[in-house]
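Shown here: protein_5.tsv, TSV, C-alpha atoms.
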chain	number	residue	atom	x	y	z
A	555	GLY	CA	-30.41	60.54	-110.68
A	556	PRO	CA	-31.79	61.11	-107.19
A	557	LYS	CA	-34.52	63.73	-107.06
A	558	VAL	CA	-35.82	66.07	-104.40
A	559	LEU	CA	-39.42	67.14	-104.92
A	560	GLN	CA	-41.03	70.30	-103.61
A	561	ILE	CA	-44.71	71.11	-103.28
A	562	PRO	CA	-46.14	73.54	-104.24
A	563	SER	CA	-44.05	75.15	-106.95
A	564	HIS	CA	-45.72	78.52	-106.33
A	565	GLN	CA	-47.62	79.90	-103.37
A	566	ILE	CA	-49.26	83.32	-103.00
A	567	ILE	CA	-50.54	84.33	-99.58
A	568	ASP	CA	-51.51	87.42	-97.64
A	569	MET	CA	-49.16	88.84	-95.04
A	570	GLY	CA	-49.83	87.42	-91.60
A	571	GLN	CA	-51.10	84.07	-92.85
A	572	MET	CA	-49.38	80.76	-92.21
A	573	VAL	CA	-47.68	78.84	-94.99
A	574	THR	CA	-46.17	75.36	-95.10
A	575	LEU	CA	-43.65	74.42	-97.75
A	576	ASN	CA	-43.24	70.71	-98.39
A	577	CYS	CA	-40.18	68.77	-99.44
A	578	ASP	CA	-39.85	65.12	-100.38
A	579	PRO	CA	-36.12	64.38	-99.98
A	580	VAL	CA	-34.12	61.56	-101.58
A	581	SER	CA	-35.30	58.34	-99.93
A	582	ASN	CA	-32.13	57.19	-98.13
A	583	HIS	CA	-30.91	60.65	-97.15
A	584	LEU	CA	-30.59	61.60	-93.51
A	585	TYR	CA	-29.72	65.33	-93.60
A	586	PHE	CA	-32.18	67.95	-94.78
A	587	TYR	CA	-31.76	71.65	-95.53
A	588	TRP	CA	-33.67	74.76	-96.44
A	589	TYR	CA	-32.13	77.64	-98.39
A	590	LYS	CA	-33.70	80.99	-99.32
A	591	GLN	CA	-33.08	82.98	-102.46
A	592	ILE	CA	-34.40	86.50	-102.90
A	593	LEU	CA	-34.57	87.63	-106.53
A	594	GLY	CA	-31.20	88.89	-107.73
A	595	GLN	CA	-29.34	87.70	-104.63
A	596	GLN	CA	-27.41	84.58	-103.75
A	597	MET	CA	-28.97	81.51	-102.22
A	598	GLU	CA	-28.60	81.62	-98.42
A	599	PHE	CA	-28.64	78.83	-95.86
A	600	LEU	CA	-31.59	78.81	-93.49
A	601	VAL	CA	-31.45	75.59	-91.49
A	602	ASN	CA	-30.16	72.05	-91.34
A	603	PHE	CA	-32.11	69.15	-89.80
A	604	TYR	CA	-30.93	65.70	-88.76
A	605	ASN	CA	-32.37	62.96	-86.58
A	606	GLY	CA	-35.38	65.05	-85.66
A	607	LYS	CA	-33.36	68.07	-84.58
A	608	VAL	CA	-32.19	71.39	-85.94
A	609	MET	CA	-28.38	71.16	-86.21
A	610	GLU	CA	-27.65	74.73	-87.25
A	611	LYS	CA	-29.71	77.73	-88.24
A	612	SER	CA	-28.78	81.08	-89.69
A	613	LYS	CA	-29.91	84.52	-88.59
A	614	LEU	CA	-32.44	84.39	-91.46
A	615	PHE	CA	-34.25	81.57	-89.62
A	616	LYS	CA	-36.54	83.82	-87.60
A	617	ASP	CA	-38.67	82.77	-84.63
A	618	GLN	CA	-41.64	82.59	-87.01
A	619	PHE	CA	-39.97	79.72	-88.87
A	620	SER	CA	-40.11	76.07	-87.88
A	621	VAL	CA	-39.11	72.78	-89.49
A	622	GLU	CA	-40.12	69.20	-88.90
A	623	ARG	CA	-40.24	65.81	-90.54
A	624	PRO	CA	-42.76	63.49	-88.94
A	625	ASP	CA	-41.88	59.85	-89.69
A	626	GLY	CA	-42.26	58.89	-93.32
A	627	SER	CA	-43.66	62.22	-94.40
A	628	TYR	CA	-42.49	65.47	-95.91
A	629	PHE	CA	-39.76	67.65	-94.50
A	630	THR	CA	-41.60	70.93	-93.98
A	631	LEU	CA	-40.81	74.59	-93.48
A	632	LYS	CA	-43.60	76.48	-91.76
A	633	ILE	CA	-43.75	80.25	-91.53
A	634	GLN	CA	-46.27	81.69	-89.08
A	635	PRO	CA	-47.04	84.53	-89.44
A	636	THR	CA	-45.60	85.50	-92.82
A	637	ALA	CA	-44.10	88.92	-93.55
A	638	LEU	CA	-43.48	90.76	-96.82
A	639	GLU	CA	-39.75	90.07	-96.60
A	640	ASP	CA	-40.42	86.32	-96.66
A	641	SER	CA	-41.15	86.56	-100.39
A	642	ALA	CA	-38.45	84.46	-102.04
A	643	VAL	CA	-37.73	81.11	-103.63
A	644	TYR	CA	-37.18	78.43	-101.00
A	645	PHE	CA	-35.00	75.49	-101.95
A	646	CYS	CA	-35.00	72.21	-100.10
A	647	ALA	CA	-31.94	69.96	-100.21
A	648	SER	CA	-30.92	66.62	-98.78
A	649	SER	CA	-27.70	64.67	-98.36
A	650	ARG	CA	-27.07	61.06	-97.48
A	651	LEU	CA	-24.81	61.96	-94.59
A	652	GLY	CA	-23.28	65.07	-93.07
A	653	GLY	CA	-19.83	66.49	-93.69
A	654	SER	CA	-18.16	68.49	-96.41
A	655	SER	CA	-17.80	65.64	-98.88
A	656	TYR	CA	-21.45	64.67	-99.17
A	657	GLU	CA	-23.31	66.23	-102.07
A	658	GLN	CA	-26.46	68.14	-101.32
A	659	TYR	CA	-29.24	67.41	-103.81
A	660	PHE	CA	-31.60	70.31	-104.43
A	661	GLY	CA	-35.26	70.49	-105.30
A	662	PRO	CA	-36.65	72.90	-107.91
A	663	GLY	CA	-37.78	75.41	-105.32
A	664	THR	CA	-41.06	76.88	-104.11
A	665	ARG	CA	-41.67	80.47	-105.11
A	666	LEU	CA	-43.43	82.20	-102.21
A	667	THR	CA	-45.10	85.55	-102.73
A	668	VAL	CA	-46.40	87.38	-99.65
A	669	LEU	CA	-48.81	90.21	-100.45
B	561	GLN	CA	-19.25	87.17	-92.47
B	562	GLN	CA	-18.05	84.61	-94.93
B	563	LYS	CA	-18.47	85.59	-98.56
B	564	VAL	CA	-18.10	83.76	-101.82
B	565	GLN	CA	-17.36	86.01	-104.76
B	566	GLN	CA	-17.91	84.89	-108.33
B	567	SER	CA	-16.76	86.48	-111.56
B	568	PRO	CA	-17.72	87.41	-114.13
B	569	GLU	CA	-21.42	88.04	-113.43
B	570	SER	CA	-22.23	87.02	-116.99
B	571	LEU	CA	-20.31	85.50	-119.86
B	572	ILE	CA	-21.03	84.95	-123.52
B	573	VAL	CA	-18.96	82.39	-125.44
B	574	PRO	CA	-19.35	81.00	-128.95
B	575	GLU	CA	-20.32	77.38	-129.45
B	576	GLY	CA	-17.16	75.29	-129.30
B	577	GLY	CA	-15.33	77.90	-127.25
B	578	MET	CA	-13.85	77.79	-123.74
B	579	ALA	CA	-15.74	79.26	-120.77
B	580	SER	CA	-13.78	80.15	-117.63
B	581	LEU	CA	-15.56	80.96	-114.38
B	582	ASN	CA	-13.97	82.13	-111.14
B	583	CYS	CA	-14.80	81.88	-107.46
B	584	THR	CA	-13.02	83.03	-104.27
B	585	SER	CA	-13.89	82.54	-100.63
B	586	SER	CA	-13.02	84.97	-97.85
B	587	ASP	CA	-13.14	82.26	-95.16
B	588	ARG	CA	-9.83	80.54	-94.47
B	589	ASN	CA	-11.67	77.61	-92.87
B	590	VAL	CA	-13.18	76.53	-96.17
B	591	ASP	CA	-12.20	72.99	-97.06
B	592	TYR	CA	-14.56	72.11	-99.91
B	593	PHE	CA	-15.81	73.86	-103.01
B	594	TRP	CA	-18.80	72.78	-105.04
B	595	TRP	CA	-19.87	73.90	-108.50
B	596	TYR	CA	-23.57	73.66	-109.33
B	597	ARG	CA	-25.33	74.35	-112.60
B	598	GLN	CA	-28.87	75.70	-112.63
B	599	HIS	CA	-30.96	75.89	-115.78
B	600	SER	CA	-33.77	78.43	-115.67
B	601	GLY	CA	-36.61	77.26	-113.42
B	602	LYS	CA	-34.85	74.03	-112.50
B	603	SER	CA	-33.00	72.59	-109.50
B	604	PRO	CA	-29.32	73.39	-109.03
B	605	LYS	CA	-27.41	70.25	-110.07
B	606	MET	CA	-23.94	69.46	-108.80
B	607	LEU	CA	-21.30	69.51	-111.51
B	608	MET	CA	-18.02	69.04	-109.71
B	609	SER	CA	-16.46	69.35	-106.28
B	610	ILE	CA	-12.87	69.85	-105.19
B	611	PHE	CA	-10.98	69.95	-101.90
B	612	SER	CA	-7.36	69.28	-102.90
B	613	ASN	CA	-4.94	71.68	-104.49
B	614	GLY	CA	-4.61	71.18	-108.20
B	615	GLU	CA	-7.10	70.24	-110.84
B	616	LYS	CA	-9.74	67.68	-111.57
B	617	GLU	CA	-11.17	66.86	-114.98
B	618	GLU	CA	-14.45	65.20	-115.92
B	619	GLY	CA	-15.23	65.18	-119.61
B	620	ARG	CA	-15.41	68.75	-120.90
B	621	PHE	CA	-15.26	70.21	-117.39
B	622	THR	CA	-12.10	71.01	-115.44
B	623	VAL	CA	-11.97	72.53	-111.99
B	624	HIS	CA	-8.90	74.08	-110.37
B	625	LEU	CA	-8.29	74.90	-106.73
B	626	ASN	CA	-5.59	77.01	-105.11
B	627	LYS	CA	-6.06	76.52	-101.37
B	628	ALA	CA	-3.56	79.24	-100.46
B	629	SER	CA	-5.66	81.88	-102.19
B	630	LEU	CA	-9.00	80.05	-101.69
B	631	HIS	CA	-9.62	80.47	-105.38
B	632	THR	CA	-11.35	77.94	-107.58
B	633	SER	CA	-12.15	78.08	-111.26
B	634	LEU	CA	-14.33	76.06	-113.58
B	635	HIS	CA	-13.43	75.66	-117.25
B	636	ILE	CA	-15.77	74.30	-119.86
B	637	ARG	CA	-14.18	73.40	-123.16
B	638	ASP	CA	-16.07	72.86	-126.41
B	639	SER	CA	-19.02	74.78	-124.91
B	640	GLN	CA	-22.47	73.80	-126.14
B	641	PRO	CA	-25.72	75.79	-126.20
B	642	SER	CA	-27.05	73.33	-123.59
B	643	ASP	CA	-24.34	74.59	-121.23
B	644	SER	CA	-26.17	77.94	-121.09
B	645	ALA	CA	-27.20	78.24	-117.43
B	646	LEU	CA	-26.42	79.89	-114.10
B	647	TYR	CA	-23.25	78.46	-112.54
B	648	LEU	CA	-23.14	78.60	-108.77
B	649	CYS	CA	-20.03	78.22	-106.67
B	650	ALA	CA	-20.51	77.10	-103.06
B	651	ALA	CA	-18.07	76.67	-100.20
B	652	MET	CA	-18.28	74.65	-97.03
B	653	ASN	CA	-16.02	74.88	-94.03
B	654	TYR	CA	-15.08	72.09	-91.69
B	655	GLY	CA	-16.24	74.17	-88.73
B	656	SER	CA	-19.84	74.03	-89.85
B	657	SER	CA	-21.91	71.69	-87.70
B	658	GLY	CA	-24.82	72.17	-90.05
B	659	ASN	CA	-23.00	71.43	-93.30
B	660	LYS	CA	-24.15	74.74	-94.66
B	661	LEU	CA	-23.15	75.74	-98.15
B	662	ILE	CA	-22.22	79.37	-98.69
B	663	PHE	CA	-23.15	80.35	-102.23
B	664	GLY	CA	-21.91	83.02	-104.57
B	665	ILE	CA	-24.34	84.98	-106.69
B	666	GLY	CA	-23.46	82.95	-109.76
B	667	THR	CA	-22.17	83.45	-113.29
B	668	LEU	CA	-24.75	83.46	-116.06
B	669	LEU	CA	-23.25	81.67	-119.05
B	670	SER	CA	-24.69	82.02	-122.52
B	671	VAL	CA	-23.30	79.87	-125.34
B	672	LYS	CA	-24.18	81.26	-128.75
B	673	PRO	CA	-24.56	78.90	-131.73
Represent the structure contained in this file as structure tokens.
Amino acid sequence: GPKVLQIPSHQIIDMGQMVTLNCDPVSNHLYFYWYKQILGQQMEFLVNFYNGKVMEKSKLFKDQFSVERPDGSYFTLKIQPTALEDSAVYFCASSRLGGSSYEQYFGPGTRLTVL
Amino acid sequence: QQKVQQSPESLIVPEGGMASLNCTSSDRNVDYFWWYRQHSGKSPKMLMSIFSNGEKEEGRFTVHLNKASLHTSLHIRDSQPSDSALYLCAAMNYGSSGNKLIFGIGTLLSVKP
């Protein structure tokens, strides 16, 4: 079936550094998402991106976060600077179109550890 | 704040048995429920979705929805050890411009041979 890839699978960085998480969405999908999961808690929506713009973001999407997808390249989540509370697994997802009925396909996640 | 509650937190069933998982949303604007299965260290994979009252069956999996109570349940008959995984329920409401899924914490299912 369609696959979403995420690079890297693990990332360890020092607090205050910048980190970029990369996502390769399903090829014909137009909507892209980031979700955050802290250990032992539910997965939470961060942001949705379509046609070069952020459509909706949650309160977890702090000013230090940014997303982009330059043409033909990865959909990225950048955190600058990182904080201890950013340690989590970040899941990327994509869907062909928007709306409730379109399945979101998830990647395997990037485990980010901020020291 | 919208919440999705799942129960039980964990469940052990014998191989060949029936597993029943529950999920309720507190948001009356929810119009779609999704069930995902996540094996350890892997991507969540969509199992079934439902938006109409009633039930929907696909192979060994049946999902029910009661829109009045915003309660959905997933039933797995003839459970197999390969069904052992974390089952996530997610809800989406038609007011969401960002198509955000609101997830529950999941039910950890273990099927014992």
Counting only C-alpha atoms, the option among A:Gln571, A:Thr664, A:Ser649, A:Gln618 closest to Asn602 (chain A) | A:Ser649
Define the interface residues of chain B facing chain A as those within 7 Å, counting all atoms listed in the file, and report them as a ChimeraX atom specification.
-> /B:592,602-604,652,654,657-665
Selection near Ser580 (chain B), 9 Å with all atoms listed in the file, sequence-local residues under 3 positions removed, as a PDB file with C-alpha atoms, in the frame of the given file:
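Final output, around-v9.pdb:
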ATOM      1  CA  PRO B 568     -17.720  87.410-114.130  1.00  0.00           C
ATOM      2  CA  LEU B 571     -20.310  85.500-119.860  1.00  0.00           C
ATOM      3  CA  SER B 633     -12.150  78.080-111.260  1.00  0.00           C
ATOM      4  CA  LEU B 634     -14.330  76.060-113.580  1.00  0.00           C
ATOM      5  CA  HIS B 635     -13.430  75.660-117.250  1.00  0.00           C
ATOM      6  CA  ILE B 636     -15.770  74.300-119.860  1.00  0.00           C
ATOM      7  CA  ARG B 637     -14.180  73.400-123.160  1.00  0.00           C
TER       8      ARG B 637
END
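Atom pair CA of Leu593 (chain A) / CA of Gln598 (chain B): separated by 14.6 Å.
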Leaving out Ile561 (chain A) and any residue of its chain fewer than 3 positions from it, which residues lie within 7 Å of it when counting all atoms listed in the file, given as a list of chain:residue names?
->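 Near Ile561 (chain A), the qualifying residues are A:Leu575, A:Asn576, A:Cys577, A:Thr664.
Note that the spacing between CA of Phe615 (chain A) and CA of Ser609 (chain B) amounts to 27.3 Å.
Counting from CA of Lys607 (chain A), the distance to CA of Ala642 (chain A) is 24.5 Å.
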Contact residues around Ser644 (chain B) with all atoms listed in the file at 10 Å, ignoring same-chain residues under 4 positions, as a PDB file with C-alpha atoms, in the coordinates of the input:
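That gives us selection_3.pdb:
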ATOM      1  CA  LEU B 571     -20.310  85.500-119.860  1.00  0.00           C
ATOM      2  CA  ILE B 572     -21.030  84.950-123.520  1.00  0.00           C
ATOM      3  CA  VAL B 573     -18.960  82.390-125.440  1.00  0.00           C
ATOM      4  CA  ARG B 597     -25.330  74.350-112.600  1.00  0.00           C
ATOM      5  CA  GLN B 598     -28.870  75.700-112.630  1.00  0.00           C
ATOM      6  CA  HIS B 599     -30.960  75.890-115.780  1.00  0.00           C
ATOM      7  CA  SER B 600     -33.770  78.430-115.670  1.00  0.00           C
ATOM      8  CA  SER B 639     -19.020  74.780-124.910  1.00  0.00           C
ATOM      9  CA  GLN B 640     -22.470  73.800-126.140  1.00  0.00           C
ATOM     10  CA  LEU B 668     -24.750  83.460-116.060  1.00  0.00           C
ATOM     11  CA  LEU B 669     -23.250  81.670-119.050  1.00  0.00           C
ATOM     12  CA  SER B 670     -24.690  82.020-122.520  1.00  0.00           C
ATOM     13  CA  VAL B 671     -23.300  79.870-125.340  1.00  0.00           C
ATOM     14  CA  LYS B 672     -24.180  81.260-128.750  1.00  0.00           C
TER      15      LYS B 672
END
For Asn613 (chain B), list every protein, DNA or RNA residue within 7 Å, evaluated using all atoms listed in the file, and leave out those in the same chain fewer than 2 positions away; present the list as a list of chain:residue names.
-> B:Phe611, B:Glu615, B:Leu625, B:Asn626, B:Lys627
Extract, using all atoms listed in the file, all DNA, RNA and protein residues at most 7 Å from Lys632 (chain A), discarding same-chain residues fewer than 4 positions from it, and format them as a PyMOL selection string.
-> chain A and resi 573-575+619-621
